[in-house]
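Asks: Handing you this structure, nothing more for now.
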Amino acid sequence: MVSVVVCLNAPHRILGTQSNAATILGFTGEEIGGRSIQILQGPRTDSFLLNSAVKNVALGQSSTLRVCLYDRCGQCIDVIASCSPYFDDSNNLVGCLLELHPSETVNLDVAISDSSGSRVILSAQPPYLVRSVSEDFTLMFGLGSCEMLGRSLYVLNGPNSQCTRWSTLFQMACSGQKSQDRVLVLANPATDPFTERLFFVTCTPVAASGGSQTVSHILVTFDHAHEEFPPNNGIAALAEASRTEPALMDPYASNDPHPLYRPPVSPFQVQRLTTDDAPFCRPPAGPSATTPASAPPHASPTTRLP
């Protein structure tokens with residue numbers, strides 16, 4: 001990672017570096033110190049987007065964007081730029097801290113041509129609909145293109161699935177960052193709506209063909225992480241797994257000693273929770289999704305009986 005402090009006013013001169021810029025861009029701190037950030041820009045750089053992000057820091061707005069910068073040799077490098085306020089020892093705002101990470105975005109043509117492993121390609125806009133399914137995914141979950149294309153990954157959610165984890169993975173991918181986490185999904189959603197399995201899920205940002213800087217799709221891959229959880233025992237097994245197998249990426253660990261654990265709730269609470277937590281989580285259509293099994297024929301679809 002490269003960290004530079006940039007002046008908030010145009011032409012946004014580099015005030016200093018917090019790391020060796022030569023690790024990515026080929027420049028030393030002496031070479032870029034006092035120079036405008038235009039020294040890192042080139043024909044493919046969205047200068048307006050980058051300059052706007054730096055200026056917005058003066059208004060207290062931090063942002064993360066994907067941008068093309070150029071190294072000392074003139075080679076274009078795809079990076080993730082994070083802009084945040086930088087304060088001196090007296091707590092005065094003196095500039096913008098610009099952190100540059102190599103982008104892990106892949107080209108759409110590459111993502112489609114590589115069909116190895118259990119993977120799906122989603123659109124990068126909510127509700128994150130499936131656009132492509134690999135043969136290994138069909139073998140793993142029993143769902144092929146006919147069942148998955150045009151649908152969201154909600155079909156994989158079981159009684160104990162946490163939609164907030166999916167949302168975090170998707171949001172990071174949309175910002176250009178590759179992310180991983182452990183997610184509990186149905187082991188065989190086509191035939192068994194209860195038995196769940198823990199998977200390592202990796203979400204990789206995918207850019208459209210033609211050198212576009214916009215993340216248009218998300219590549220989601222699945223790898224086995226744990227044995228199947230039998231019905232009616234998923235929560236207990238999940239809580240135990242969270243104690244023994246730390247997640248690869250766990251944004252909730254600081255607030256929750258067992259972030260994978262969620263107490264059992266009623267079907268009505270599950271429906272409301274998953275719909276609010278993530279836009280791609282939609283309850284299945286039909287009377288069975290909103291009508292209790294014991295409701296009399298004259299009860300309305302939203303009637304909640306004691």
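Letters for chains follow the order of the structure tokens (A, B, ...), residue numbers begin at 1 for each chain, and ligand numbers begin at 1 in the order shown.
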What are the closest atom pairs, with distances in Å to one decimal, for all residues of range 67-150 of chain A lying within 12 Å of range 158-166 of chain A? Consider only C-alpha atoms, order rows by chain and residue number, and present the result as a tab-separated table.
Replies:
```
residue	atom	partner	partner_atom	distance
A:Pro126	CA	A:Trp166	CA	11.7
A:Pro127	CA	A:Trp166	CA	11.4
A:Tyr128	CA	A:Trp166	CA	10.5
```
Asks: Env of Arg151 in chain A: 12 Å cut, atoms = only C-alpha atoms, seq-sep filter 3 positions within chain, self excluded. Answer as a PyMOL selection string.
Replies: chain A and resi 120-123+126-133+143-148+154-156+280-282+284
Asks: Export, as an mmCIF file, in the first residue's frame, the selected residues with N, CA and C atoms.
Replies:
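Result file follows (selection-v3.cif):
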```
data_model
loop_
_atom_site.group_PDB
_atom_site.id
_atom_site.type_symbol
_atom_site.label_atom_id
_atom_site.label_comp_id
_atom_site.auth_asym_id
_atom_site.auth_seq_id
_atom_site.Cartn_x
_atom_site.Cartn_y
_atom_site.Cartn_z
ATOM 1 N N VAL A 120 -20.274 -18.170 -9.734
ATOM 2 C CA VAL A 120 -21.357 -17.491 -10.439
ATOM 3 C C VAL A 120 -20.919 -16.052 -10.688
ATOM 4 N N ILE A 121 -21.483 -15.438 -11.712
ATOM 5 C CA ILE A 121 -21.234 -14.024 -12.004
ATOM 6 C C ILE A 121 -22.542 -13.279 -11.797
ATOM 7 N N LEU A 122 -22.479 -12.243 -10.962
ATOM 8 C CA LEU A 122 -23.655 -11.447 -10.629
ATOM 9 C C LEU A 122 -23.532 -10.053 -11.230
ATOM 10 N N SER A 123 -24.664 -9.401 -11.417
ATOM 11 C CA SER A 123 -24.638 -7.982 -11.760
ATOM 12 C C SER A 123 -24.205 -7.194 -10.530
ATOM 13 N N PRO A 126 -27.909 -3.854 -7.088
ATOM 14 C CA PRO A 126 -28.970 -4.593 -6.401
ATOM 15 C C PRO A 126 -30.120 -4.865 -7.347
ATOM 16 N N PRO A 127 -30.743 -6.032 -7.265
ATOM 17 C CA PRO A 127 -30.568 -7.099 -6.268
ATOM 18 C C PRO A 127 -29.514 -8.143 -6.631
ATOM 19 N N TYR A 128 -28.483 -7.790 -7.399
ATOM 20 C CA TYR A 128 -27.349 -8.668 -7.698
ATOM 21 C C TYR A 128 -27.807 -9.989 -8.335
ATOM 22 N N LEU A 129 -28.399 -9.872 -9.512
ATOM 23 C CA LEU A 129 -28.956 -11.032 -10.195
ATOM 24 C C LEU A 129 -27.853 -11.853 -10.858
ATOM 25 N N VAL A 130 -28.070 -13.153 -10.942
ATOM 26 C CA VAL A 130 -27.100 -14.081 -11.511
ATOM 27 C C VAL A 130 -27.113 -13.957 -13.036
ATOM 28 N N ARG A 131 -25.906 -13.833 -13.605
ATOM 29 C CA ARG A 131 -25.765 -13.728 -15.055
ATOM 30 C C ARG A 131 -25.082 -14.938 -15.676
ATOM 31 N N SER A 132 -24.324 -15.690 -14.881
ATOM 32 C CA SER A 132 -23.607 -16.843 -15.406
ATOM 33 C C SER A 132 -23.383 -17.838 -14.279
ATOM 34 N N VAL A 133 -23.445 -19.143 -14.613
ATOM 35 C CA VAL A 133 -23.288 -20.222 -13.637
ATOM 36 C C VAL A 133 -22.313 -21.252 -14.197
ATOM 37 N N LEU A 143 -28.268 -26.737 -8.744
ATOM 38 C CA LEU A 143 -29.004 -25.685 -9.438
ATOM 39 C C LEU A 143 -28.244 -25.291 -10.692
ATOM 40 N N GLY A 144 -28.907 -25.385 -11.844
ATOM 41 C CA GLY A 144 -28.283 -25.048 -13.106
ATOM 42 C C GLY A 144 -28.677 -23.673 -13.591
ATOM 43 N N SER A 145 -28.336 -23.391 -14.843
ATOM 44 C CA SER A 145 -28.628 -22.079 -15.415
ATOM 45 C C SER A 145 -30.117 -21.796 -15.460
ATOM 46 N N CYS A 146 -30.923 -22.804 -15.737
ATOM 47 C CA CYS A 146 -32.377 -22.600 -15.828
ATOM 48 C C CYS A 146 -32.960 -22.124 -14.504
ATOM 49 N N GLU A 147 -32.401 -22.631 -13.398
ATOM 50 C CA GLU A 147 -32.920 -22.254 -12.075
ATOM 51 C C GLU A 147 -32.296 -20.967 -11.529
ATOM 52 N N MET A 148 -31.090 -20.593 -12.004
ATOM 53 C CA MET A 148 -30.370 -19.495 -11.373
ATOM 54 C C MET A 148 -30.348 -18.199 -12.179
ATOM 55 N N TYR A 154 -30.424 -15.388 -3.045
ATOM 56 C CA TYR A 154 -31.327 -15.671 -1.927
ATOM 57 C C TYR A 154 -31.755 -17.139 -1.916
ATOM 58 N N VAL A 155 -31.772 -17.762 -3.078
ATOM 59 C CA VAL A 155 -32.208 -19.158 -3.149
ATOM 60 C C VAL A 155 -31.278 -20.073 -2.366
ATOM 61 N N LEU A 156 -30.054 -19.607 -2.032
ATOM 62 C CA LEU A 156 -29.126 -20.420 -1.257
ATOM 63 C C LEU A 156 -29.266 -20.211 0.241
ATOM 64 N N PHE A 280 -30.918 -7.708 -2.000
ATOM 65 C CA PHE A 280 -31.098 -8.897 -2.828
ATOM 66 C C PHE A 280 -31.881 -9.974 -2.106
ATOM 67 N N CYS A 281 -32.150 -9.792 -0.786
ATOM 68 C CA CYS A 281 -32.864 -10.809 -0.016
ATOM 69 C C CYS A 281 -34.356 -10.570 -0.154
ATOM 70 N N ARG A 282 -34.998 -11.332 -0.915
ATOM 71 C CA ARG A 282 -36.437 -11.200 -1.128
ATOM 72 C C ARG A 282 -37.112 -12.492 -0.729
ATOM 73 N N PRO A 284 -39.688 -15.547 -0.944
ATOM 74 C CA PRO A 284 -40.300 -16.148 -2.127
ATOM 75 C C PRO A 284 -41.741 -15.720 -2.277
#
```
Asks: Determine the nearest neighbour of Leu169 in chain A from the options A:Asp181, A:Glu104, A:Asp71, A:Glu135, counting only C-alpha atoms.
Replies: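 Closest candidate: A:Asp181.
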Asks: Calculated over only C-alpha atoms, which of the candidates A:Val57, A:Cys203, A:Leu149, A:Leu139 has the smallest distance to Met172 in chain A?
Replies: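 Among the listed residues, the smallest separation from Met172 in chain A belongs to A:Cys203.
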Asks: Measuring between only C-alpha atoms, which one of A:Gly42, A:Gly142, A:Gly29, A:Gly117 shows the shortest distance to Asn188 in chain A?
Replies: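 Looking only at the distances to Asn188 in chain A, the closest residue turns out to be A:Gly142.
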Asks: List the spatial neighbours of Val106 in chain A as a list in words - criterion: any atom at most 10 Å away, only C-alpha atoms, same-chain residues fewer than 2 positions off excluded.
Replies: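 Final neighbour list, sorted by chain and number: Ser103, Glu104, Leu108, Asp109, Val110, Ala111, Gly176, Thr204, Pro205, Val206, Ala207, Ala208, Ser209, Val215, His217, Ile218 and Leu219 of chain A.
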Asks: Limited to all heavy atoms, could you put the picked residues into a file as a CSV table (one decimal), in the first residue's frame?
Replies:
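Generated output (again-v7.csv):
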```
chain,number,residue,atom,x,y,z
A,103,SER,N,-5.6,-2.7,-7.4
A,103,SER,CA,-6.9,-3.2,-7.6
A,103,SER,C,-6.9,-4.6,-8.0
A,103,SER,O,-6.0,-5.1,-8.8
A,103,SER,CB,-7.6,-2.4,-8.7
A,103,SER,OG,-8.9,-2.9,-9.0
A,104,GLU,N,-7.8,-5.4,-7.5
A,104,GLU,CA,-7.9,-6.8,-7.8
A,104,GLU,C,-9.1,-7.1,-8.8
A,104,GLU,O,-9.6,-8.2,-8.9
A,104,GLU,CB,-8.1,-7.7,-6.6
A,104,GLU,CG,-6.9,-7.5,-5.6
A,104,GLU,CD,-7.1,-8.3,-4.4
A,104,GLU,OE1,-7.9,-7.9,-3.5
A,104,GLU,OE2,-6.5,-9.4,-4.2
A,108,LEU,N,-14.1,-8.7,-17.6
A,108,LEU,CA,-15.3,-9.6,-17.8
A,108,LEU,C,-15.0,-10.8,-18.7
A,108,LEU,O,-15.5,-11.9,-18.5
A,108,LEU,CB,-16.4,-8.7,-18.3
A,108,LEU,CG,-17.8,-9.5,-18.5
A,108,LEU,CD1,-18.3,-10.1,-17.2
A,108,LEU,CD2,-18.8,-8.5,-19.1
A,109,ASP,N,-14.3,-10.5,-19.8
A,109,ASP,CA,-13.9,-11.6,-20.7
A,109,ASP,C,-13.2,-12.7,-20.0
A,109,ASP,O,-13.4,-13.9,-20.2
A,109,ASP,CB,-13.1,-11.1,-21.9
A,109,ASP,CG,-14.0,-10.2,-22.7
A,109,ASP,OD1,-15.2,-10.3,-22.7
A,109,ASP,OD2,-13.4,-9.3,-23.5
A,110,VAL,N,-12.2,-12.3,-19.1
A,110,VAL,CA,-11.5,-13.3,-18.4
A,110,VAL,C,-12.3,-14.1,-17.4
A,110,VAL,O,-12.2,-15.3,-17.2
A,110,VAL,CB,-10.3,-12.6,-17.6
A,110,VAL,CG1,-9.5,-13.6,-16.7
A,110,VAL,CG2,-9.4,-12.0,-18.6
A,111,ALA,N,-13.2,-13.4,-16.7
A,111,ALA,CA,-14.1,-14.0,-15.7
A,111,ALA,C,-15.1,-15.0,-16.4
A,111,ALA,O,-15.3,-16.1,-15.9
A,111,ALA,CB,-14.9,-13.0,-15.0
A,176,GLY,N,-14.4,-2.2,-5.7
A,176,GLY,CA,-13.1,-2.6,-6.4
A,176,GLY,C,-12.2,-3.5,-5.5
A,176,GLY,O,-11.1,-3.7,-5.9
A,204,THR,N,-15.0,-11.2,-6.2
A,204,THR,CA,-14.0,-10.5,-6.9
A,204,THR,C,-14.7,-9.5,-7.8
A,204,THR,O,-15.6,-9.8,-8.6
A,204,THR,CB,-13.2,-11.4,-7.8
A,204,THR,OG1,-12.6,-12.4,-6.9
A,204,THR,CG2,-12.1,-10.7,-8.5
A,205,PRO,N,-14.3,-8.2,-7.8
A,205,PRO,CA,-14.9,-7.2,-8.7
A,205,PRO,C,-14.5,-7.5,-10.2
A,205,PRO,O,-13.4,-7.9,-10.5
A,205,PRO,CB,-14.3,-5.9,-8.3
A,205,PRO,CG,-13.0,-6.3,-7.6
A,205,PRO,CD,-13.3,-7.6,-7.0
A,206,VAL,N,-15.5,-7.3,-11.1
A,206,VAL,CA,-15.3,-7.5,-12.5
A,206,VAL,C,-15.7,-6.3,-13.3
A,206,VAL,O,-16.7,-5.7,-13.1
A,206,VAL,CB,-16.2,-8.7,-13.0
A,206,VAL,CG1,-16.0,-8.9,-14.5
A,206,VAL,CG2,-15.9,-10.0,-12.2
A,207,ALA,N,-14.7,-5.8,-14.1
A,207,ALA,CA,-15.0,-4.6,-14.9
A,207,ALA,C,-15.4,-5.0,-16.3
A,207,ALA,O,-15.0,-6.1,-16.8
A,207,ALA,CB,-13.7,-3.8,-15.0
A,208,ALA,N,-16.2,-4.2,-16.9
A,208,ALA,CA,-16.6,-4.4,-18.3
A,208,ALA,C,-15.5,-4.4,-19.3
A,208,ALA,O,-14.4,-3.8,-19.0
A,208,ALA,CB,-17.7,-3.4,-18.7
A,209,SER,N,-15.6,-5.1,-20.4
A,209,SER,CA,-14.6,-5.1,-21.4
A,209,SER,C,-14.3,-3.8,-22.0
A,209,SER,O,-15.2,-2.9,-21.9
A,209,SER,CB,-14.9,-6.2,-22.5
A,209,SER,OG,-15.2,-7.4,-21.9
A,215,VAL,N,-17.0,-1.1,-12.1
A,215,VAL,CA,-17.3,-2.5,-11.7
A,215,VAL,C,-18.7,-2.8,-12.2
A,215,VAL,O,-19.6,-2.2,-11.7
A,215,VAL,CB,-17.1,-2.7,-10.2
A,215,VAL,CG1,-17.5,-4.1,-9.8
A,215,VAL,CG2,-15.7,-2.4,-9.8
A,217,HIS,N,-19.8,-6.2,-12.8
A,217,HIS,CA,-20.2,-7.5,-12.3
A,217,HIS,C,-19.4,-8.0,-11.1
A,217,HIS,O,-18.4,-7.3,-10.7
A,217,HIS,CB,-20.1,-8.6,-13.4
A,217,HIS,CG,-21.0,-8.4,-14.6
A,217,HIS,ND1,-20.6,-7.5,-15.6
A,217,HIS,CD2,-22.2,-8.9,-14.9
A,217,HIS,CE1,-21.6,-7.5,-16.5
A,217,HIS,NE2,-22.5,-8.3,-16.1
A,218,ILE,N,-19.9,-9.0,-10.4
A,218,ILE,CA,-19.2,-9.6,-9.3
A,218,ILE,C,-19.0,-11.1,-9.5
A,218,ILE,O,-20.0,-11.8,-9.8
A,218,ILE,CB,-20.0,-9.3,-7.9
A,218,ILE,CG1,-20.2,-7.8,-7.7
A,218,ILE,CG2,-19.2,-9.9,-6.7
A,218,ILE,CD1,-21.1,-7.5,-6.5
A,219,LEU,N,-17.8,-11.5,-9.4
A,219,LEU,CA,-17.5,-13.0,-9.5
A,219,LEU,C,-17.5,-13.6,-8.1
A,219,LEU,O,-16.7,-13.2,-7.2
A,219,LEU,CB,-16.1,-13.2,-10.2
A,219,LEU,CG,-15.6,-14.6,-10.2
A,219,LEU,CD1,-16.5,-15.5,-11.1
A,219,LEU,CD2,-14.2,-14.7,-10.8
```
Asks: Give me, as a list in words, all polymer residues having an atom no more than 9 Å from Arg13 in chain A, counting only C-alpha atoms and skipping those fewer than 2 positions away in the same chain.
Replies: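 Listed by chain and then number, they are Val5, Val6, Cys7, Leu8, Asn9, Ala10, Pro11, Leu15, Ile32, Gly33, Gly34, Arg35, Ser36, Ile37 and Gln38 of chain A.
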Asks: Would you mind listing what lies within 9 Å of range 62-65 of chain A as an MDAnalysis selection string, with only C-alpha atoms counted and same-chain residues fewer than 3 positions away left out?
Replies: chainID A and resid 49:50 53:54 56:57 59 79:85 175:176
Asks: Take the selection from the previous step and output its residues with all heavy atoms, as a CSV table (one decimal), in the first residue's frame.
Replies:
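Below is the file that was written, out_39.csv:
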```csv
chain,number,residue,atom,x,y,z
A,49,LEU,N,-12.8,12.9,-11.3
A,49,LEU,CA,-13.3,12.0,-10.2
A,49,LEU,C,-12.3,12.1,-9.1
A,49,LEU,O,-12.6,12.2,-7.9
A,49,LEU,CB,-13.5,10.6,-10.7
A,49,LEU,CG,-14.0,9.6,-9.7
A,49,LEU,CD1,-15.4,10.0,-9.2
A,49,LEU,CD2,-13.9,8.2,-10.3
A,50,LEU,N,-11.0,12.0,-9.4
A,50,LEU,CA,-9.9,11.9,-8.3
A,50,LEU,C,-9.8,13.3,-7.6
A,50,LEU,O,-9.8,13.4,-6.4
A,50,LEU,CB,-8.6,11.6,-8.9
A,50,LEU,CG,-7.4,11.5,-8.0
A,50,LEU,CD1,-7.7,10.5,-6.9
A,50,LEU,CD2,-6.1,11.1,-8.7
A,53,ALA,N,-12.8,13.9,-5.3
A,53,ALA,CA,-12.7,13.1,-4.1
A,53,ALA,C,-11.7,13.8,-3.1
A,53,ALA,O,-12.0,13.8,-1.9
A,53,ALA,CB,-12.2,11.7,-4.4
A,54,VAL,N,-10.6,14.4,-3.6
A,54,VAL,CA,-9.7,15.1,-2.7
A,54,VAL,C,-10.3,16.4,-2.2
A,54,VAL,O,-10.2,16.7,-1.0
A,54,VAL,CB,-8.4,15.5,-3.5
A,54,VAL,CG1,-7.5,16.3,-2.6
A,54,VAL,CG2,-7.7,14.2,-3.9
A,56,ASN,N,-13.5,17.0,-1.7
A,56,ASN,CA,-14.6,16.7,-0.7
A,56,ASN,C,-14.1,16.3,0.7
A,56,ASN,O,-14.9,16.4,1.6
A,56,ASN,CB,-15.4,15.5,-1.3
A,56,ASN,CG,-16.2,15.9,-2.5
A,56,ASN,OD1,-16.5,17.1,-2.7
A,56,ASN,ND2,-16.6,14.9,-3.3
A,57,VAL,N,-12.8,16.0,0.8
A,57,VAL,CA,-12.3,15.7,2.1
A,57,VAL,C,-12.4,17.0,3.0
A,57,VAL,O,-12.6,16.9,4.2
A,57,VAL,CB,-10.8,15.2,2.0
A,57,VAL,CG1,-10.1,15.2,3.4
A,57,VAL,CG2,-10.8,13.9,1.4
A,59,LEU,N,-14.7,18.9,3.1
A,59,LEU,CA,-16.1,19.0,3.6
A,59,LEU,C,-16.4,17.8,4.6
A,59,LEU,O,-17.5,17.6,5.0
A,59,LEU,CB,-17.1,18.9,2.4
A,59,LEU,CG,-16.9,20.0,1.4
A,59,LEU,CD1,-17.9,19.8,0.2
A,59,LEU,CD2,-17.1,21.4,2.0
A,79,VAL,N,-5.7,1.0,-9.6
A,79,VAL,CA,-5.6,1.0,-8.1
A,79,VAL,C,-6.9,1.4,-7.5
A,79,VAL,O,-7.8,2.0,-8.1
A,79,VAL,CB,-4.5,2.1,-7.7
A,79,VAL,CG1,-3.2,1.7,-8.3
A,79,VAL,CG2,-4.9,3.5,-8.1
A,80,ILE,N,-7.0,1.1,-6.2
A,80,ILE,CA,-8.1,1.6,-5.4
A,80,ILE,C,-7.6,2.7,-4.5
A,80,ILE,O,-6.6,2.6,-3.8
A,80,ILE,CB,-8.7,0.5,-4.5
A,80,ILE,CG1,-9.1,-0.7,-5.3
A,80,ILE,CG2,-9.8,1.0,-3.6
A,80,ILE,CD1,-10.2,-0.4,-6.2
A,81,ALA,N,-8.2,3.9,-4.7
A,81,ALA,CA,-7.8,5.1,-4.0
A,81,ALA,C,-8.8,5.5,-2.9
A,81,ALA,O,-10.0,5.6,-3.1
A,81,ALA,CB,-7.6,6.3,-5.0
A,82,SER,N,-8.3,5.5,-1.6
A,82,SER,CA,-9.1,5.9,-0.5
A,82,SER,C,-8.7,7.3,0.0
A,82,SER,O,-7.5,7.5,0.3
A,82,SER,CB,-8.9,4.9,0.7
A,82,SER,OG,-9.3,3.6,0.3
A,83,CYS,N,-9.6,8.2,0.0
A,83,CYS,CA,-9.4,9.6,0.4
A,83,CYS,C,-10.0,9.9,1.8
A,83,CYS,O,-11.2,9.6,1.9
A,83,CYS,CB,-9.9,10.6,-0.6
A,83,CYS,SG,-9.3,10.4,-2.3
A,84,SER,N,-9.2,10.3,2.7
A,84,SER,CA,-9.7,10.6,4.1
A,84,SER,C,-9.0,11.8,4.6
A,84,SER,O,-7.9,12.2,4.2
A,84,SER,CB,-9.5,9.4,5.0
A,84,SER,OG,-8.1,9.0,5.0
A,85,PRO,N,-9.5,12.5,5.7
A,85,PRO,CA,-8.8,13.7,6.2
A,85,PRO,C,-7.5,13.3,6.9
A,85,PRO,O,-7.4,12.2,7.5
A,85,PRO,CB,-9.9,14.2,7.3
A,85,PRO,CG,-11.2,13.6,6.9
A,85,PRO,CD,-10.8,12.2,6.2
A,175,SER,N,-16.8,-1.7,-4.7
A,175,SER,CA,-15.8,-0.6,-4.6
A,175,SER,C,-14.5,-1.0,-5.1
A,175,SER,O,-13.5,-0.2,-5.0
A,175,SER,CB,-15.6,-0.3,-3.1
A,175,SER,OG,-15.0,-1.3,-2.4
A,176,GLY,N,-14.4,-2.2,-5.7
A,176,GLY,CA,-13.1,-2.6,-6.4
A,176,GLY,C,-12.2,-3.5,-5.5
A,176,GLY,O,-11.1,-3.7,-5.9
```
Asks: Between CA of Lys178 in chain A and CA of Ser216 in chain A, what is the spacing in Å?
Replies: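 These atoms are spaced 14.1 Å apart.
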